[in-house]
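Below: model_10.cif (mmCIF, C-alpha atoms and all ligand atoms)
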data_entry
#
loop_
_atom_site.label_atom_id
_atom_site.label_comp_id
_atom_site.auth_asym_id
_atom_site.auth_seq_id
_atom_site.Cartn_x
_atom_site.Cartn_y
_atom_site.Cartn_z
CA MET A 345 -10.88 -2.74 22.89
CA LYS A 346 -8.03 -2.94 25.36
CA LYS A 347 -4.60 -3.01 23.82
CA ILE A 348 -2.44 -5.95 24.84
CA VAL A 349 1.20 -5.93 23.82
CA VAL A 350 2.86 -9.35 23.97
CA LEU A 351 6.64 -9.75 24.01
CA THR A 352 7.64 -13.29 23.12
CA GLY A 353 10.90 -15.23 23.12
CA ALA A 354 12.13 -18.72 22.30
CA GLY A 355 10.03 -20.34 25.06
CA MET A 356 6.89 -19.37 23.09
CA SER A 357 7.89 -21.89 20.40
CA ALA A 358 9.40 -24.55 22.70
CA GLU A 359 6.18 -26.59 22.73
CA SER A 360 6.27 -26.54 18.92
CA GLY A 361 9.57 -28.42 19.09
CA ILE A 362 11.90 -25.49 18.40
CA ALA A 363 14.86 -25.40 20.77
CA THR A 364 15.37 -22.37 23.00
CA PHE A 365 18.80 -20.77 23.30
CA ARG A 366 19.79 -20.80 26.95
CA ASP A 367 17.94 -23.75 28.52
CA SER A 368 19.91 -26.98 28.97
CA GLY A 369 19.99 -28.49 25.49
CA GLY A 370 19.48 -24.99 24.08
CA LEU A 371 21.15 -23.88 20.87
CA TRP A 372 23.85 -21.88 22.65
CA ASN A 373 24.97 -25.04 24.41
CA GLN A 374 25.54 -26.68 21.03
CA TYR A 375 26.95 -23.80 19.00
CA LYS A 376 29.14 -20.83 19.77
CA ILE A 377 27.31 -17.54 19.38
CA GLU A 378 30.42 -15.95 17.88
CA ASP A 379 30.64 -18.67 15.20
CA VAL A 380 27.06 -18.56 13.91
CA ALA A 381 25.38 -15.39 15.12
CA THR A 382 27.82 -12.52 14.61
CA PRO A 383 28.97 -10.58 11.52
CA GLU A 384 32.54 -11.70 12.34
CA GLY A 385 31.48 -15.36 12.32
CA PHE A 386 29.93 -14.87 8.88
CA VAL A 387 33.14 -13.35 7.52
CA LYS A 388 35.23 -16.16 9.01
CA ASN A 389 33.13 -19.11 7.85
CA PRO A 390 30.13 -18.04 5.79
CA GLN A 391 29.08 -21.56 4.75
CA LEU A 392 28.93 -22.69 8.39
CA VAL A 393 26.62 -19.78 9.17
CA LEU A 394 24.46 -20.40 6.08
CA ASP A 395 24.22 -24.10 6.99
CA PHE A 396 23.18 -23.22 10.56
CA TYR A 397 20.28 -21.10 9.31
CA ASN A 398 19.40 -23.56 6.53
CA MET A 399 18.90 -26.10 9.29
CA ARG A 400 16.85 -23.70 11.43
CA ARG A 401 14.66 -22.98 8.41
CA LYS A 402 14.02 -26.67 7.85
CA GLU A 403 12.93 -27.07 11.48
CA THR A 404 10.67 -24.04 11.29
CA LEU A 405 8.99 -25.22 8.14
CA ALA A 406 8.09 -28.50 9.84
CA ALA A 407 6.88 -26.85 13.07
CA LYS A 408 3.27 -26.11 13.90
CA PRO A 409 1.93 -23.37 16.15
CA ASN A 410 1.18 -24.63 19.67
CA LEU A 411 -1.90 -23.84 21.75
CA GLY A 412 -0.18 -20.74 23.10
CA HIS A 413 0.23 -19.24 19.62
CA ILE A 414 -3.33 -20.28 18.75
CA GLU A 415 -4.88 -18.78 21.89
CA LEU A 416 -3.03 -15.50 21.33
CA ALA A 417 -4.47 -15.37 17.80
CA GLU A 418 -7.97 -16.14 19.16
CA MET A 419 -7.65 -13.31 21.66
CA GLN A 420 -7.73 -10.87 18.71
CA ASN A 421 -11.53 -11.27 18.83
CA ASP A 422 -11.64 -9.56 22.22
CA TYR A 423 -8.52 -7.42 22.40
CA ASP A 424 -6.30 -5.31 20.19
CA ILE A 425 -3.22 -7.56 20.23
CA SER A 426 0.24 -6.53 19.08
CA ILE A 427 2.97 -9.11 19.23
CA ILE A 428 6.62 -8.17 19.44
CA THR A 429 8.66 -11.31 19.01
CA GLN A 430 12.35 -12.04 19.34
CA ASN A 431 11.67 -15.26 17.47
CA VAL A 432 12.67 -15.66 13.85
CA ASP A 433 10.12 -18.42 13.17
CA ASN A 434 6.72 -17.60 11.69
CA LEU A 435 4.51 -19.49 14.13
CA HIS A 436 2.58 -16.43 15.34
CA GLU A 437 1.63 -15.69 11.72
CA LYS A 438 0.83 -19.34 11.04
CA ALA A 439 -1.55 -19.27 14.03
CA GLY A 440 -3.30 -16.22 12.58
CA SER A 441 -1.88 -13.30 14.54
CA LYS A 442 -2.15 -10.17 12.41
CA LYS A 443 0.15 -7.65 14.07
CA VAL A 444 3.56 -9.26 14.53
CA LEU A 445 6.80 -7.31 14.74
CA HIS A 446 10.00 -9.35 14.43
CA LEU A 447 12.76 -7.71 16.44
CA HIS A 448 15.52 -10.13 15.46
CA GLY A 449 14.62 -10.78 11.83
CA GLU A 450 12.83 -13.58 10.04
CA LEU A 451 14.15 -16.99 9.05
CA MET A 452 12.06 -17.22 5.91
CA LYS A 453 13.62 -14.02 4.51
CA VAL A 454 17.10 -13.37 3.15
CA GLN A 455 18.95 -10.14 2.60
CA SER A 456 21.66 -8.85 0.30
CA THR A 457 24.97 -8.45 2.14
CA LYS A 458 25.62 -5.25 0.20
CA TYR A 459 22.27 -3.65 -0.66
CA LEU A 460 20.49 -3.94 2.65
CA ASP A 461 17.09 -2.91 1.34
CA LEU A 462 17.06 -5.94 -0.96
CA ILE A 463 15.16 -8.48 1.13
CA TYR A 464 13.53 -11.57 -0.33
CA GLU A 465 10.96 -13.99 1.04
CA LEU A 466 11.89 -17.63 0.51
CA ASN A 467 9.22 -20.03 -0.54
CA ALA A 468 8.73 -23.42 1.02
CA ASP A 469 10.39 -25.39 -1.77
CA ASN A 470 13.54 -23.29 -1.80
CA ILE A 471 14.65 -22.70 1.76
CA GLU A 472 18.43 -23.02 1.44
CA ILE A 473 20.93 -20.31 0.71
CA ASN A 474 24.51 -21.14 -0.08
CA ILE A 475 27.71 -19.41 -1.13
CA GLY A 476 27.13 -18.04 -4.62
CA ASP A 477 23.43 -17.30 -4.11
CA THR A 478 23.17 -13.62 -4.88
CA CYS A 479 20.74 -10.71 -4.93
CA GLU A 480 19.61 -9.19 -8.24
CA ARG A 481 22.65 -6.87 -8.11
CA GLY A 482 25.12 -9.72 -7.73
CA ALA A 483 25.98 -9.53 -4.02
CA GLN A 484 25.96 -12.60 -1.75
CA LEU A 485 22.76 -13.24 0.18
CA ARG A 486 22.73 -13.64 3.96
CA PRO A 487 20.09 -14.69 6.48
CA TYR A 488 17.70 -11.84 7.38
CA ILE A 489 18.67 -12.14 11.02
CA VAL A 490 19.84 -9.52 13.49
CA TRP A 491 23.14 -10.90 14.75
CA PHE A 492 24.85 -10.01 18.01
CA GLY A 493 26.64 -6.70 17.60
CA GLU A 494 24.22 -5.47 14.90
CA ALA A 495 21.66 -2.69 15.20
CA VAL A 496 18.04 -3.62 15.87
CA PRO A 497 16.17 -1.54 13.28
CA MET A 498 12.70 -2.49 14.58
CA MET A 499 13.46 -1.28 18.10
CA GLU A 500 11.99 2.18 17.64
CA ASN A 501 8.65 0.78 16.43
CA ALA A 502 8.67 -1.76 19.23
CA ILE A 503 9.17 0.97 21.85
CA LYS A 504 6.29 3.00 20.39
CA THR A 505 4.05 -0.06 20.51
CA VAL A 506 4.91 -0.87 24.13
CA GLN A 507 4.26 2.75 25.12
CA THR A 508 0.65 2.41 23.99
CA ALA A 509 -0.12 -0.81 25.90
CA ASP A 510 -2.97 -1.16 28.38
CA ILE A 511 -1.62 -4.56 29.38
CA LEU A 512 1.84 -6.06 28.77
CA VAL A 513 2.43 -9.80 28.55
CA VAL A 514 5.90 -11.35 28.41
CA ILE A 515 6.16 -15.01 27.33
CA GLY A 516 9.12 -17.39 27.18
CA THR A 517 12.11 -15.10 27.23
CA SER A 518 15.00 -15.17 29.67
CA LEU A 519 15.27 -11.36 29.26
CA ASN A 520 19.02 -11.71 28.82
CA VAL A 521 19.39 -9.99 25.49
CA TYR A 522 19.26 -6.22 25.10
CA PRO A 523 17.84 -4.00 23.78
CA ALA A 524 14.81 -6.37 23.59
CA ALA A 525 14.81 -7.08 27.33
CA GLY A 526 14.66 -3.35 28.07
CA LEU A 527 11.30 -3.02 26.30
CA ILE A 528 9.33 -3.78 29.47
CA ASN A 529 10.59 -0.51 30.92
CA TYR A 530 8.75 1.46 28.24
CA ALA A 531 5.34 0.19 29.32
CA PRO A 532 3.25 2.95 30.93
CA SER A 533 3.65 2.90 34.71
CA GLY A 534 0.85 1.21 36.57
CA ILE A 535 -0.37 -1.07 33.77
CA PRO A 536 -0.61 -4.80 34.55
CA VAL A 537 2.43 -6.78 33.41
CA TYR A 538 2.10 -10.58 33.21
CA LEU A 539 5.09 -12.87 32.75
CA ILE A 540 4.55 -16.44 31.57
CA ASP A 541 7.51 -18.81 31.94
CA PRO A 542 7.86 -22.23 33.59
CA ASN A 543 11.20 -21.16 35.03
CA GLU A 544 12.20 -18.23 37.18
CA VAL A 545 12.83 -15.07 35.19
CA LYS A 546 13.68 -11.81 36.84
CA ALA A 547 11.94 -8.88 35.25
CA GLN A 548 13.48 -5.55 36.23
CA ARG A 549 10.12 -4.03 36.99
CA ALA A 550 7.96 -3.86 40.09
CA GLY A 551 4.51 -5.43 40.31
CA VAL A 552 4.92 -8.14 37.69
CA ILE A 553 2.31 -10.92 37.91
CA TYR A 554 4.11 -14.23 37.34
CA ILE A 555 2.35 -17.19 35.71
CA LYS A 556 4.83 -20.01 36.23
CA LYS A 557 3.69 -22.23 33.38
CA GLY A 558 4.61 -23.15 29.83
CA ALA A 559 3.23 -21.04 26.98
CA SER A 560 0.10 -23.09 26.23
CA GLU A 561 -1.07 -23.48 29.82
CA GLY A 562 0.11 -19.98 30.66
CA VAL A 563 -1.86 -18.18 27.94
CA LYS A 564 -4.96 -20.15 28.95
CA GLU A 565 -4.54 -18.97 32.54
CA LEU A 566 -3.90 -15.42 31.36
CA ARG A 567 -7.23 -15.40 29.50
CA GLU A 568 -9.03 -16.52 32.64
CA LEU A 569 -7.30 -13.87 34.76
CA LEU A 570 -8.20 -11.14 32.26
CA LEU A 571 -11.87 -12.11 32.43
CA GLN A 572 -12.00 -11.63 36.19
N1 LIG B 1 6.87 -22.08 27.62
C1 LIG B 1 7.30 -20.83 27.94
N2 LIG B 1 8.57 -20.53 28.22
C2 LIG B 1 9.47 -21.52 28.17
C3 LIG B 1 9.11 -22.84 27.83
C4 LIG B 1 7.75 -23.11 27.55
N3 LIG B 1 7.29 -24.32 27.23
N4 LIG B 1 10.24 -23.60 27.86
C5 LIG B 1 11.26 -22.78 28.19
N5 LIG B 1 10.80 -21.53 28.38
C6 LIG B 1 11.54 -20.32 28.77
C7 LIG B 1 12.83 -20.53 29.52
O1 LIG B 1 12.57 -20.74 30.90
C8 LIG B 1 13.56 -19.22 29.25
O2 LIG B 1 13.25 -18.24 30.22
O3 LIG B 1 11.92 -19.63 27.58
C9 LIG B 1 13.02 -18.78 27.89
C10 LIG B 1 14.00 -18.91 26.75
O4 LIG B 1 15.08 -18.06 26.95
P1 LIG B 1 16.25 -17.96 25.88
O5 LIG B 1 16.65 -19.31 25.44
O6 LIG B 1 17.30 -17.07 26.46
O7 LIG B 1 15.54 -17.26 24.62
P2 LIG B 1 15.23 -15.74 24.35
O8 LIG B 1 15.02 -14.98 25.62
O9 LIG B 1 14.15 -15.69 23.33
O10 LIG B 1 16.58 -15.24 23.69
C11 LIG B 1 16.68 -13.94 23.22
O11 LIG B 1 18.80 -14.42 22.26
O12 LIG B 1 20.29 -15.67 21.03
C12 LIG B 1 19.38 -14.69 21.01
O13 LIG B 1 18.50 -13.78 19.10
C13 LIG B 1 18.29 -14.83 20.00
O14 LIG B 1 16.07 -13.90 20.07
C14 LIG B 1 17.03 -14.62 20.81
C15 LIG B 1 17.54 -13.84 22.00
#
So, in terms of structure tokens, how does the structure I just supplied come out?
Ligand code: APR
Amino acid sequence: MKKIVVLTGAGMSAESGIATFRDSGGLWNQYKIEDVATPEGFVKNPQLVLDFYNMRRKETLAAKPNLGHIELAEMQNDYDISIITQNVDNLHEKAGSKKVLHLHGELMKVQSTKYLDLIYELNADNIEINIGDTCERGAQLRPYIVWFGEAVPMMENAIKTVQTADILVVIGTSLNVYPAAGLINYAPSGIPVYLIDPNEVKAQRAGVIYIKKGASEGVKELRELLLQ
């Protein structure tokens, strides 16, 4: 089985009704990154940050995988698929993808602010965390999200995965945020790299095959191209 590594970003979930970050109407047009997605923002106004992620969680819970997620899961019948996602939603898993690495954390998990290995999965009927919600050792809980300025612990695994790809597919990311955007440079030289996005994205790599479509249409076209 050929190994396909898929790097996904916010555009992957756009057709499921989850806002991207940098498109017009994107989250970073409505909120300041430094207020809600940095350790400093959390120190300054923790409830604002908790509320922001409580809201994101509510949206995610209501969202359904789109055809793009579903087709990627179906492709597991014919290919060895590893997904590396910058998304914190769980739509790849909901669609049935088995190997999913979350580079920037997971919305449905929370973490102790003090004992970092204490990570808890939230269940659907308890998706809020607030000031005063603590881990079993009494420290405040925070969203299990990699904020700007924080280390990306999954990066090493992601690099190893990309290095073993026979085919790399990039879907719905503006490739603005590092180190995630740098992952495409770890793909073995000469392998096919497909980039699915309805808008122009500049990948810093030669020979990229652009599929200028949304995720659902784009993955469908990718499957046809791979059969040829
Ligand atoms: N299908 C595919 N791609 C789409 C669609 C769609 N239907 N709609 C929009 N896009 C594309 C946009 O053209 C853009 O290139 O999705 C991309 C979204 O880019 P960003 O909003 O910058 O999201 P992303 O690249 O995932 O951001 C990276 O930034 O704020 C952080 O941690 C956050 O993980 C996130 C990181």
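Of the residues under consideration (A:Lys443, A:Arg567, A:Lys347, A:Arg400), A:Arg400 shows the shortest atom-to-atom contact distance to Glu472 (chain A) when counting only C-alpha atoms.
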Pick out the residues no farther than 9 Å from ligand LIG 1 (chain B), counting all atoms listed in the file, and list them as a PDB file with C-alpha atoms, in the coordinates of the input.
ATOM      1  CA  THR A 352       7.640 -13.290  23.120  1.00  0.00           C
ATOM      2  CA  GLY A 353      10.900 -15.230  23.120  1.00  0.00           C
ATOM      3  CA  ALA A 354      12.130 -18.720  22.300  1.00  0.00           C
ATOM      4  CA  GLY A 355      10.030 -20.340  25.060  1.00  0.00           C
ATOM      5  CA  MET A 356       6.890 -19.370  23.090  1.00  0.00           C
ATOM      6  CA  SER A 357       7.890 -21.890  20.400  1.00  0.00           C
ATOM      7  CA  ALA A 358       9.400 -24.550  22.700  1.00  0.00           C
ATOM      8  CA  GLU A 359       6.180 -26.590  22.730  1.00  0.00           C
ATOM      9  CA  SER A 360       6.270 -26.540  18.920  1.00  0.00           C
ATOM     10  CA  ALA A 363      14.860 -25.400  20.770  1.00  0.00           C
ATOM     11  CA  THR A 364      15.370 -22.370  23.000  1.00  0.00           C
ATOM     12  CA  PHE A 365      18.800 -20.770  23.300  1.00  0.00           C
ATOM     13  CA  ARG A 366      19.790 -20.800  26.950  1.00  0.00           C
ATOM     14  CA  ASP A 367      17.940 -23.750  28.520  1.00  0.00           C
ATOM     15  CA  GLY A 370      19.480 -24.990  24.080  1.00  0.00           C
ATOM     16  CA  LEU A 371      21.150 -23.880  20.870  1.00  0.00           C
ATOM     17  CA  TRP A 372      23.850 -21.880  22.650  1.00  0.00           C
ATOM     18  CA  ILE A 377      27.310 -17.540  19.380  1.00  0.00           C
ATOM     19  CA  ALA A 381      25.380 -15.390  15.120  1.00  0.00           C
ATOM     20  CA  GLY A 412      -0.180 -20.740  23.100  1.00  0.00           C
ATOM     21  CA  THR A 429       8.660 -11.310  19.010  1.00  0.00           C
ATOM     22  CA  GLN A 430      12.350 -12.040  19.340  1.00  0.00           C
ATOM     23  CA  ASN A 431      11.670 -15.260  17.470  1.00  0.00           C
ATOM     24  CA  VAL A 432      12.670 -15.660  13.850  1.00  0.00           C
ATOM     25  CA  LEU A 447      12.760  -7.710  16.440  1.00  0.00           C
ATOM     26  CA  HIS A 448      15.520 -10.130  15.460  1.00  0.00           C
ATOM     27  CA  GLY A 449      14.620 -10.780  11.830  1.00  0.00           C
ATOM     28  CA  ILE A 489      18.670 -12.140  11.020  1.00  0.00           C
ATOM     29  CA  VAL A 490      19.840  -9.520  13.490  1.00  0.00           C
ATOM     30  CA  TRP A 491      23.140 -10.900  14.750  1.00  0.00           C
ATOM     31  CA  PHE A 492      24.850 -10.010  18.010  1.00  0.00           C
ATOM     32  CA  ILE A 515       6.160 -15.010  27.330  1.00  0.00           C
ATOM     33  CA  GLY A 516       9.120 -17.390  27.180  1.00  0.00           C
ATOM     34  CA  THR A 517      12.110 -15.100  27.230  1.00  0.00           C
ATOM     35  CA  SER A 518      15.000 -15.170  29.670  1.00  0.00           C
ATOM     36  CA  LEU A 519      15.270 -11.360  29.260  1.00  0.00           C
ATOM     37  CA  ASN A 520      19.020 -11.710  28.820  1.00  0.00           C
ATOM     38  CA  VAL A 521      19.390  -9.990  25.490  1.00  0.00           C
ATOM     39  CA  TYR A 522      19.260  -6.220  25.100  1.00  0.00           C
ATOM     40  CA  ALA A 524      14.810  -6.370  23.590  1.00  0.00           C
ATOM     41  CA  ALA A 525      14.810  -7.080  27.330  1.00  0.00           C
ATOM     42  CA  ILE A 540       4.550 -16.440  31.570  1.00  0.00           C
ATOM     43  CA  ASP A 541       7.510 -18.810  31.940  1.00  0.00           C
ATOM     44  CA  PRO A 542       7.860 -22.230  33.590  1.00  0.00           C
ATOM     45  CA  ASN A 543      11.200 -21.160  35.030  1.00  0.00           C
ATOM     46  CA  GLU A 544      12.200 -18.230  37.180  1.00  0.00           C
ATOM     47  CA  VAL A 545      12.830 -15.070  35.190  1.00  0.00           C
ATOM     48  CA  LYS A 556       4.830 -20.010  36.230  1.00  0.00           C
ATOM     49  CA  LYS A 557       3.690 -22.230  33.380  1.00  0.00           C
ATOM     50  CA  GLY A 558       4.610 -23.150  29.830  1.00  0.00           C
ATOM     51  CA  ALA A 559       3.230 -21.040  26.980  1.00  0.00           C
ATOM     52  CA  SER A 560       0.100 -23.090  26.230  1.00  0.00           C
ATOM     53  CA  GLU A 561      -1.070 -23.480  29.820  1.00  0.00           C
ATOM     54  CA  GLY A 562       0.110 -19.980  30.660  1.00  0.00           C
TER      55      GLY A 562
END
**Request:** Identify which of the residues A:Ala547, A:Leu445, A:Ala439, A:Leu571 lies closest to Thr505 (chain A), counting all atoms listed in the file when measuring atom-to-atom distances.
**Result:**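 Of the candidates, the smallest distance to Thr505 (chain A) is held by A:Leu445.
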**Message:** For a test of reading the model, state the distance in Å between CA of Leu405 (chain A) and CA of Ile463 (chain A), rounded to one decimal.
**Reply:**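 According to the coordinates, CA of Leu405 (chain A) and CA of Ile463 (chain A) are separated by 19.2 Å.
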**Prompt:** Which one of A:Ile348, A:Ile427, A:Ala407, A:Met498 sits closest to Pro536 (chain A) if you count only C-alpha atoms?
**Reply:**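 Between A:Ile348, A:Ile427, A:Ala407, A:Met498, the residue approaching Pro536 (chain A) most closely is A:Ile348.
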**Item:** Residue with smallest distance to Asn467 (chain A) - pool A:Lys442, A:Arg401, A:Arg481, A:His436, counting all atoms listed in the file
**Value:**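 For Asn467 (chain A), the nearest of the given residues is A:Arg401.
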**Message:** Could you list, as a count of residues only, every residue within 12 Å of Gln391 (chain A), counting all atoms listed in the file and ignoring same-chain residues fewer than 3 positions away?
**Reply:** 21
**Prompt:** Quick one: distance from CA of Ala495 (chain A) to CA of Lys453 (chain A) in Å, one decimal?
**Reply:** 17.5 Å
